[in-house]
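Student: One structure coming up, written as structure tokens, with questions to follow.
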Amino acid sequence: MKQVALVTIHGMGETEPDYAATLFQTVQQGLVQPAQLYCGTVYYQDLLQYNEQRVWQATGFRLRWSKLRRFMLFGFADAAALEHRKEQPHSLYHYSQLKIARALYLAKQQLTADGKLVLLAHSLGCHVLSCYLWDAQQAKAGVKPAAGIWRDIKRYQAGISGDIALTDEDIAFLRGDRLTALITTGCNIPIFVAAHAIEQIVPFTKPRHDFIWHNYYDKDDVLGWPLADLSDSYAALVTDIDVNAAGGFFGWLAASWNPLSHNQYWREQSVIAALRLQLNIALQTPPVKP
């Protein structure tokens with residue numbers, strides 16, 4: 001059994017199922033106890049890509065700036081689809097949350113009874129995960145969420161744990177009771193809340209007293225934003241960190257100074273070092289109550 005689980009969630013645009021494989025290999029180098037780390041992923045692009053591919057094949061072949069257009073089409077179609085009619089029981093919002101819960105359930109099965117959870121999210125995945133945690137914390141507080149699986153988590157047992165009944169301990173893990181750190185990169189939550197009044201811009205409730213949220217953004221990344229200035233409640237929860245997302249020499253040459261930096265965070269050494277630090281802290285810190 002492992003002491004710490006690192007679970008990632010990808011961002012907008014075309015993404016392969018093994019999107020985090022290189023990151024996992026890199027981050028384990030330098031850990032104090034690499035054998036005590038479980039690595040898992042949330043993959044939701046398969047919910048979206050069929051229709052996006054169909055639209056691209058119907059329209060994209062005759063347009064200029066094909067790479068940029070393809071990224072914009074797949075990326076913003078992802079965002080629109082996940083918000084569309086999210087209150088419906090079979091919405092993509094609902095199914096993306098089911099993907100998160102399933103990945104977290106699998107992680108819990110690999111952990112010791114007091115094992116910790118660290119989450120890493122990129123781009124649109126930051127918003128998707130934030131919504132999941134918001135709904136989970138609302139349910140914990142006795143408030144029925146407006147959408148998603150946390151309206152009645154046990155109803156979705158089959159998609160989360162199969163034939164095995166969800167225990168109270170499972171549900172506590174799924175809602176974040178053992179979540180010690182959230183790392184976000186290229187986060188675009190401000191795009192989703194920009195039209196709201198400031199009193200409506202509120203993050204999810206801190207899931208445990210020692211929880212930290214570090215948000216990494218690059219000033220050249222038009223899709224990555226700081227969060228602490230959104231509202232007082234965000235300022236109390238999030239620490240923003242400005243980085244130059246280069247991803248090595250060729251990334252620095254081609255992308256670090258422009259919007260292409262959006263896809264470089266998980267190759268950037270400062271981000272990898274910071275993630276490794278949080279994992280080492282989790283691996284060495286004695287368990288405490290949420």
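Here's how to read the names in the structure tokens: chain A, B, ... by the order shown, residue numbers from 1 in each chain, ligand numbers from 1 in the order shown.
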Contacts of segment 100-111 of chain A at 10 Å or less, counting only C-alpha atoms, minus same-chain residues fewer than 4 places along, as a PDB file with N, CA and C atoms, in the first residue's frame?

Tutor:
```pdb
ATOM      1  N   MET A   1       0.833  -1.205   0.000  1.00  0.00           N
ATOM      2  CA  MET A   1       0.000   0.000   0.000  1.00  0.00           C
ATOM      3  C   MET A   1       0.871   1.260   0.000  1.00  0.00           C
ATOM      4  N   LYS A   2       0.371   2.310  -0.621  1.00  0.00           N
ATOM      5  CA  LYS A   2       1.130   3.547  -0.780  1.00  0.00           C
ATOM      6  C   LYS A   2       0.741   4.577   0.284  1.00  0.00           C
ATOM      7  N   GLN A   3       1.625   5.538   0.488  1.00  0.00           N
ATOM      8  CA  GLN A   3       1.366   6.603   1.457  1.00  0.00           C
ATOM      9  C   GLN A   3       0.709   7.830   0.840  1.00  0.00           C
ATOM     10  N   VAL A   4       0.980   8.080  -0.453  1.00  0.00           N
ATOM     11  CA  VAL A   4       0.478   9.275  -1.126  1.00  0.00           C
ATOM     12  C   VAL A   4       0.007   8.916  -2.525  1.00  0.00           C
ATOM     13  N   ALA A   5      -1.095   9.527  -2.938  1.00  0.00           N
ATOM     14  CA  ALA A   5      -1.587   9.389  -4.309  1.00  0.00           C
ATOM     15  C   ALA A   5      -1.502  10.734  -5.008  1.00  0.00           C
ATOM     16  N   LEU A   6      -0.942  10.744  -6.214  1.00  0.00           N
ATOM     17  CA  LEU A   6      -0.955  11.912  -7.093  1.00  0.00           C
ATOM     18  C   LEU A   6      -1.910  11.598  -8.231  1.00  0.00           C
ATOM     19  N   VAL A   7      -2.977  12.377  -8.346  1.00  0.00           N
ATOM     20  CA  VAL A   7      -3.960  12.190  -9.416  1.00  0.00           C
ATOM     21  C   VAL A   7      -4.013  13.468 -10.237  1.00  0.00           C
ATOM     22  N   THR A   8      -3.917  13.315 -11.554  1.00  0.00           N
ATOM     23  CA  THR A   8      -3.899  14.456 -12.460  1.00  0.00           C
ATOM     24  C   THR A   8      -5.198  14.530 -13.263  1.00  0.00           C
ATOM     25  N   ILE A   9      -5.499  15.738 -13.749  1.00  0.00           N
ATOM     26  CA  ILE A   9      -6.624  15.937 -14.661  1.00  0.00           C
ATOM     27  C   ILE A   9      -6.165  16.894 -15.751  1.00  0.00           C
ATOM     28  N   GLN A  36       6.503   4.798  -2.530  1.00  0.00           N
ATOM     29  CA  GLN A  36       5.296   5.039  -1.742  1.00  0.00           C
ATOM     30  C   GLN A  36       4.306   5.966  -2.437  1.00  0.00           C
ATOM     31  N   LEU A  37       4.553   6.261  -3.737  1.00  0.00           N
ATOM     32  CA  LEU A  37       3.675   7.148  -4.489  1.00  0.00           C
ATOM     33  C   LEU A  37       2.848   6.360  -5.502  1.00  0.00           C
ATOM     34  N   TYR A  38       1.539   6.549  -5.454  1.00  0.00           N
ATOM     35  CA  TYR A  38       0.637   6.027  -6.482  1.00  0.00           C
ATOM     36  C   TYR A  38       0.310   7.157  -7.446  1.00  0.00           C
ATOM     37  N   CYS A  39       0.339   6.875  -8.743  1.00  0.00           N
ATOM     38  CA  CYS A  39       0.022   7.878  -9.757  1.00  0.00           C
ATOM     39  C   CYS A  39      -1.220   7.451 -10.536  1.00  0.00           C
ATOM     40  N   GLY A  40      -2.184   8.342 -10.643  1.00  0.00           N
ATOM     41  CA  GLY A  40      -3.405   8.062 -11.382  1.00  0.00           C
ATOM     42  C   GLY A  40      -3.830   9.269 -12.196  1.00  0.00           C
ATOM     43  N   THR A  41      -4.724   9.037 -13.153  1.00  0.00           N
ATOM     44  CA  THR A  41      -5.178  10.110 -14.030  1.00  0.00           C
ATOM     45  C   THR A  41      -6.695  10.127 -14.154  1.00  0.00           C
ATOM     46  N   VAL A  42      -7.198  11.330 -14.405  1.00  0.00           N
ATOM     47  CA  VAL A  42      -8.587  11.523 -14.841  1.00  0.00           C
ATOM     48  C   VAL A  42      -8.522  11.836 -16.329  1.00  0.00           C
ATOM     49  N   TYR A  43      -9.270  11.086 -17.144  1.00  0.00           N
ATOM     50  CA  TYR A  43      -9.275  11.309 -18.587  1.00  0.00           C
ATOM     51  C   TYR A  43     -10.715  11.461 -19.044  1.00  0.00           C
ATOM     52  N   TYR A  44     -11.056  12.690 -19.468  1.00  0.00           N
ATOM     53  CA  TYR A  44     -12.437  12.954 -19.886  1.00  0.00           C
ATOM     54  C   TYR A  44     -12.561  13.357 -21.356  1.00  0.00           C
ATOM     55  N   TYR A  95     -20.927  13.322 -16.292  1.00  0.00           N
ATOM     56  CA  TYR A  95     -20.017  12.231 -16.620  1.00  0.00           C
ATOM     57  C   TYR A  95     -18.564  12.582 -16.320  1.00  0.00           C
ATOM     58  N   SER A  96     -18.195  13.855 -16.451  1.00  0.00           N
ATOM     59  CA  SER A  96     -16.826  14.240 -16.092  1.00  0.00           C
ATOM     60  C   SER A  96     -16.604  14.074 -14.591  1.00  0.00           C
ATOM     61  N   GLY A 115      -3.427   7.381   4.151  1.00  0.00           N
ATOM     62  CA  GLY A 115      -2.726   7.907   2.981  1.00  0.00           C
ATOM     63  C   GLY A 115      -3.298   9.235   2.513  1.00  0.00           C
ATOM     64  N   LYS A 116      -2.457  10.054   1.921  1.00  0.00           N
ATOM     65  CA  LYS A 116      -2.842  11.408   1.527  1.00  0.00           C
ATOM     66  C   LYS A 116      -3.036  11.498   0.022  1.00  0.00           C
ATOM     67  N   LEU A 117      -3.745  12.554  -0.389  1.00  0.00           N
ATOM     68  CA  LEU A 117      -4.054  12.790  -1.791  1.00  0.00           C
ATOM     69  C   LEU A 117      -3.524  14.152  -2.211  1.00  0.00           C
ATOM     70  N   LEU A 119      -3.629  16.569  -5.797  1.00  0.00           N
ATOM     71  CA  LEU A 119      -4.242  16.699  -7.114  1.00  0.00           C
ATOM     72  C   LEU A 119      -3.491  17.735  -7.941  1.00  0.00           C
ATOM     73  N   VAL A 128     -13.037  22.118 -14.078  1.00  0.00           N
ATOM     74  CA  VAL A 128     -13.793  20.873 -13.900  1.00  0.00           C
ATOM     75  C   VAL A 128     -13.601  20.337 -12.486  1.00  0.00           C
ATOM     76  N   LEU A 129     -12.361  20.329 -12.023  1.00  0.00           N
ATOM     77  CA  LEU A 129     -12.069  19.827 -10.682  1.00  0.00           C
ATOM     78  C   LEU A 129     -12.618  20.750  -9.604  1.00  0.00           C
ATOM     79  N   TYR A 132     -16.228  20.055  -9.198  1.00  0.00           N
ATOM     80  CA  TYR A 132     -16.390  18.784  -8.478  1.00  0.00           C
ATOM     81  C   TYR A 132     -16.224  18.997  -6.972  1.00  0.00           C
ATOM     82  N   ILE A 149     -22.863  14.549  -9.723  1.00  0.00           N
ATOM     83  CA  ILE A 149     -23.063  13.295  -8.993  1.00  0.00           C
ATOM     84  C   ILE A 149     -23.229  13.483  -7.498  1.00  0.00           C
ATOM     85  N   TRP A 150     -22.812  14.648  -6.970  1.00  0.00           N
ATOM     86  CA  TRP A 150     -22.916  14.854  -5.529  1.00  0.00           C
ATOM     87  C   TRP A 150     -24.329  15.220  -5.077  1.00  0.00           C
ATOM     88  N   ILE A 153     -24.503  10.860  -4.225  1.00  0.00           N
ATOM     89  CA  ILE A 153     -23.300  10.137  -4.622  1.00  0.00           C
ATOM     90  C   ILE A 153     -23.497   8.626  -4.638  1.00  0.00           C
ATOM     91  N   TYR A 156     -24.588   6.653  -7.775  1.00  0.00           N
ATOM     92  CA  TYR A 156     -23.658   6.428  -8.882  1.00  0.00           C
ATOM     93  C   TYR A 156     -22.564   5.428  -8.529  1.00  0.00           C
ATOM     94  N   GLN A 157     -22.857   4.591  -7.568  1.00  0.00           N
ATOM     95  CA  GLN A 157     -21.906   3.575  -7.133  1.00  0.00           C
ATOM     96  C   GLN A 157     -21.385   2.737  -8.295  1.00  0.00           C
ATOM     97  N   ALA A 158     -22.253   2.295  -9.186  1.00  0.00           N
ATOM     98  CA  ALA A 158     -21.848   1.387 -10.263  1.00  0.00           C
ATOM     99  C   ALA A 158     -20.746   1.993 -11.116  1.00  0.00           C
ATOM    100  N   GLY A 159     -20.829   3.299 -11.376  1.00  0.00           N
ATOM    101  CA  GLY A 159     -19.818   3.956 -12.187  1.00  0.00           C
ATOM    102  C   GLY A 159     -18.555   4.296 -11.432  1.00  0.00           C
ATOM    103  N   ILE A 160     -18.594   4.211 -10.119  1.00  0.00           N
ATOM    104  CA  ILE A 160     -17.445   4.572  -9.290  1.00  0.00           C
ATOM    105  C   ILE A 160     -16.725   3.336  -8.762  1.00  0.00           C
ATOM    106  N   SER A 161     -17.475   2.438  -8.144  1.00  0.00           N
ATOM    107  CA  SER A 161     -16.852   1.279  -7.478  1.00  0.00           C
ATOM    108  C   SER A 161     -17.380  -0.056  -7.971  1.00  0.00           C
ATOM    109  N   GLY A 162     -18.195  -0.045  -9.016  1.00  0.00           N
ATOM    110  CA  GLY A 162     -18.713  -1.298  -9.544  1.00  0.00           C
ATOM    111  C   GLY A 162     -19.737  -1.930  -8.627  1.00  0.00           C
ATOM    112  N   LEU A 166     -20.258   1.743  -1.757  1.00  0.00           N
ATOM    113  CA  LEU A 166     -19.439   2.850  -1.257  1.00  0.00           C
ATOM    114  C   LEU A 166     -19.634   2.988   0.247  1.00  0.00           C
ATOM    115  N   GLU A 169     -16.296   5.939   4.516  1.00  0.00           N
ATOM    116  CA  GLU A 169     -14.884   6.275   4.362  1.00  0.00           C
ATOM    117  C   GLU A 169     -14.544   6.546   2.899  1.00  0.00           C
ATOM    118  N   ASP A 170     -15.114   5.743   1.999  1.00  0.00           N
ATOM    119  CA  ASP A 170     -14.922   5.991   0.567  1.00  0.00           C
ATOM    120  C   ASP A 170     -15.437   7.373   0.188  1.00  0.00           C
ATOM    121  N   ILE A 171     -16.639   7.689   0.633  1.00  0.00           N
ATOM    122  CA  ILE A 171     -17.266   8.964   0.287  1.00  0.00           C
ATOM    123  C   ILE A 171     -16.457  10.132   0.851  1.00  0.00           C
ATOM    124  N   PHE A 173     -13.259  10.182   1.305  1.00  0.00           N
ATOM    125  CA  PHE A 173     -12.079  10.331   0.454  1.00  0.00           C
ATOM    126  C   PHE A 173     -12.446  11.006  -0.864  1.00  0.00           C
ATOM    127  N   LEU A 174     -13.549  10.597  -1.465  1.00  0.00           N
ATOM    128  CA  LEU A 174     -13.972  11.149  -2.750  1.00  0.00           C
ATOM    129  C   LEU A 174     -14.262  12.645  -2.671  1.00  0.00           C
ATOM    130  N   ARG A 175     -14.711  13.127  -1.527  1.00  0.00           N
ATOM    131  CA  ARG A 175     -15.040  14.552  -1.417  1.00  0.00           C
ATOM    132  C   ARG A 175     -13.828  15.389  -0.989  1.00  0.00           C
ATOM    133  N   GLY A 176     -12.690  14.743  -0.679  1.00  0.00           N
ATOM    134  CA  GLY A 176     -11.472  15.487  -0.409  1.00  0.00           C
ATOM    135  C   GLY A 176     -11.009  15.524   1.025  1.00  0.00           C
ATOM    136  N   ARG A 178      -8.982  13.741   2.531  1.00  0.00           N
ATOM    137  CA  ARG A 178      -7.545  13.480   2.656  1.00  0.00           C
ATOM    138  C   ARG A 178      -6.728  14.238   1.605  1.00  0.00           C
TER     139      ARG A 178
END
```

Student: May I ask which of the residues A:Pro89, A:Arg276, A:Gln138, A:Asp152 is the closest one to Gln33 of chain A, counting only C-alpha atoms?

Tutor: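 Going through A:Pro89, A:Arg276, A:Gln138, A:Asp152 one by one, the smallest distance to Gln33 of chain A is for A:Arg276.
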
Student: Just how far from atom CA of Leu182 of chain A is atom CA of Leu227 of chain A, in Å to one decimal?

Tutor: 13.3 Å

Student: Could you give me, as an MDAnalysis selection string, each residue of segment 168-261 of chain A that DSSP assigns to alpha helix (DSSP H) when run on this structure's backbone?

Tutor: chainID A and resid 168:174 189:193 232:237 249:254

Student: Report as a PyMOL selection string all protein, DNA and RNA residues lying within 8 Å of His127 of chain A, evaluated on only C-alpha atoms, omitting residues in the same chain fewer than 3 positions from it.

Tutor: chain A and resi 123-124+130-131+187-189

Student: Limited to C-alpha atoms, could you put the picked residues into a file as a compact mmCIF listing (two decimals), in the first residue's frame?

Tutor:
```txt
# COMPACT_ATOMS: atom_id res chain seq x y z
CA SER A 123 -6.27 24.44 -17.92
CA LEU A 124 -9.95 23.52 -18.25
CA SER A 130 -13.06 23.02 -8.86
CA CYS A 131 -16.72 22.36 -9.72
CA CYS A 187 -6.01 27.80 -14.81
CA ASN A 188 -8.89 29.51 -16.62
CA ILE A 189 -11.48 29.69 -13.83
```

Student: When you count only C-alpha atoms, which of these residues is closest to Tyr234 of chain A: A:Leu98, A:Val222, A:Ala146, A:Val202?

Tutor: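 Between A:Leu98, A:Val222, A:Ala146, A:Val202, the residue approaching Tyr234 of chain A most closely is A:Val202.
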
Student: From the options A:Asp177, A:Leu223, A:His94, A:Glu199, which residue's atoms come nearest to Gly148 of chain A, counting only C-alpha atoms?

Tutor: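 Nearest candidate to Gly148 of chain A out of A:Asp177, A:Leu223, A:His94, A:Glu199: A:His94.
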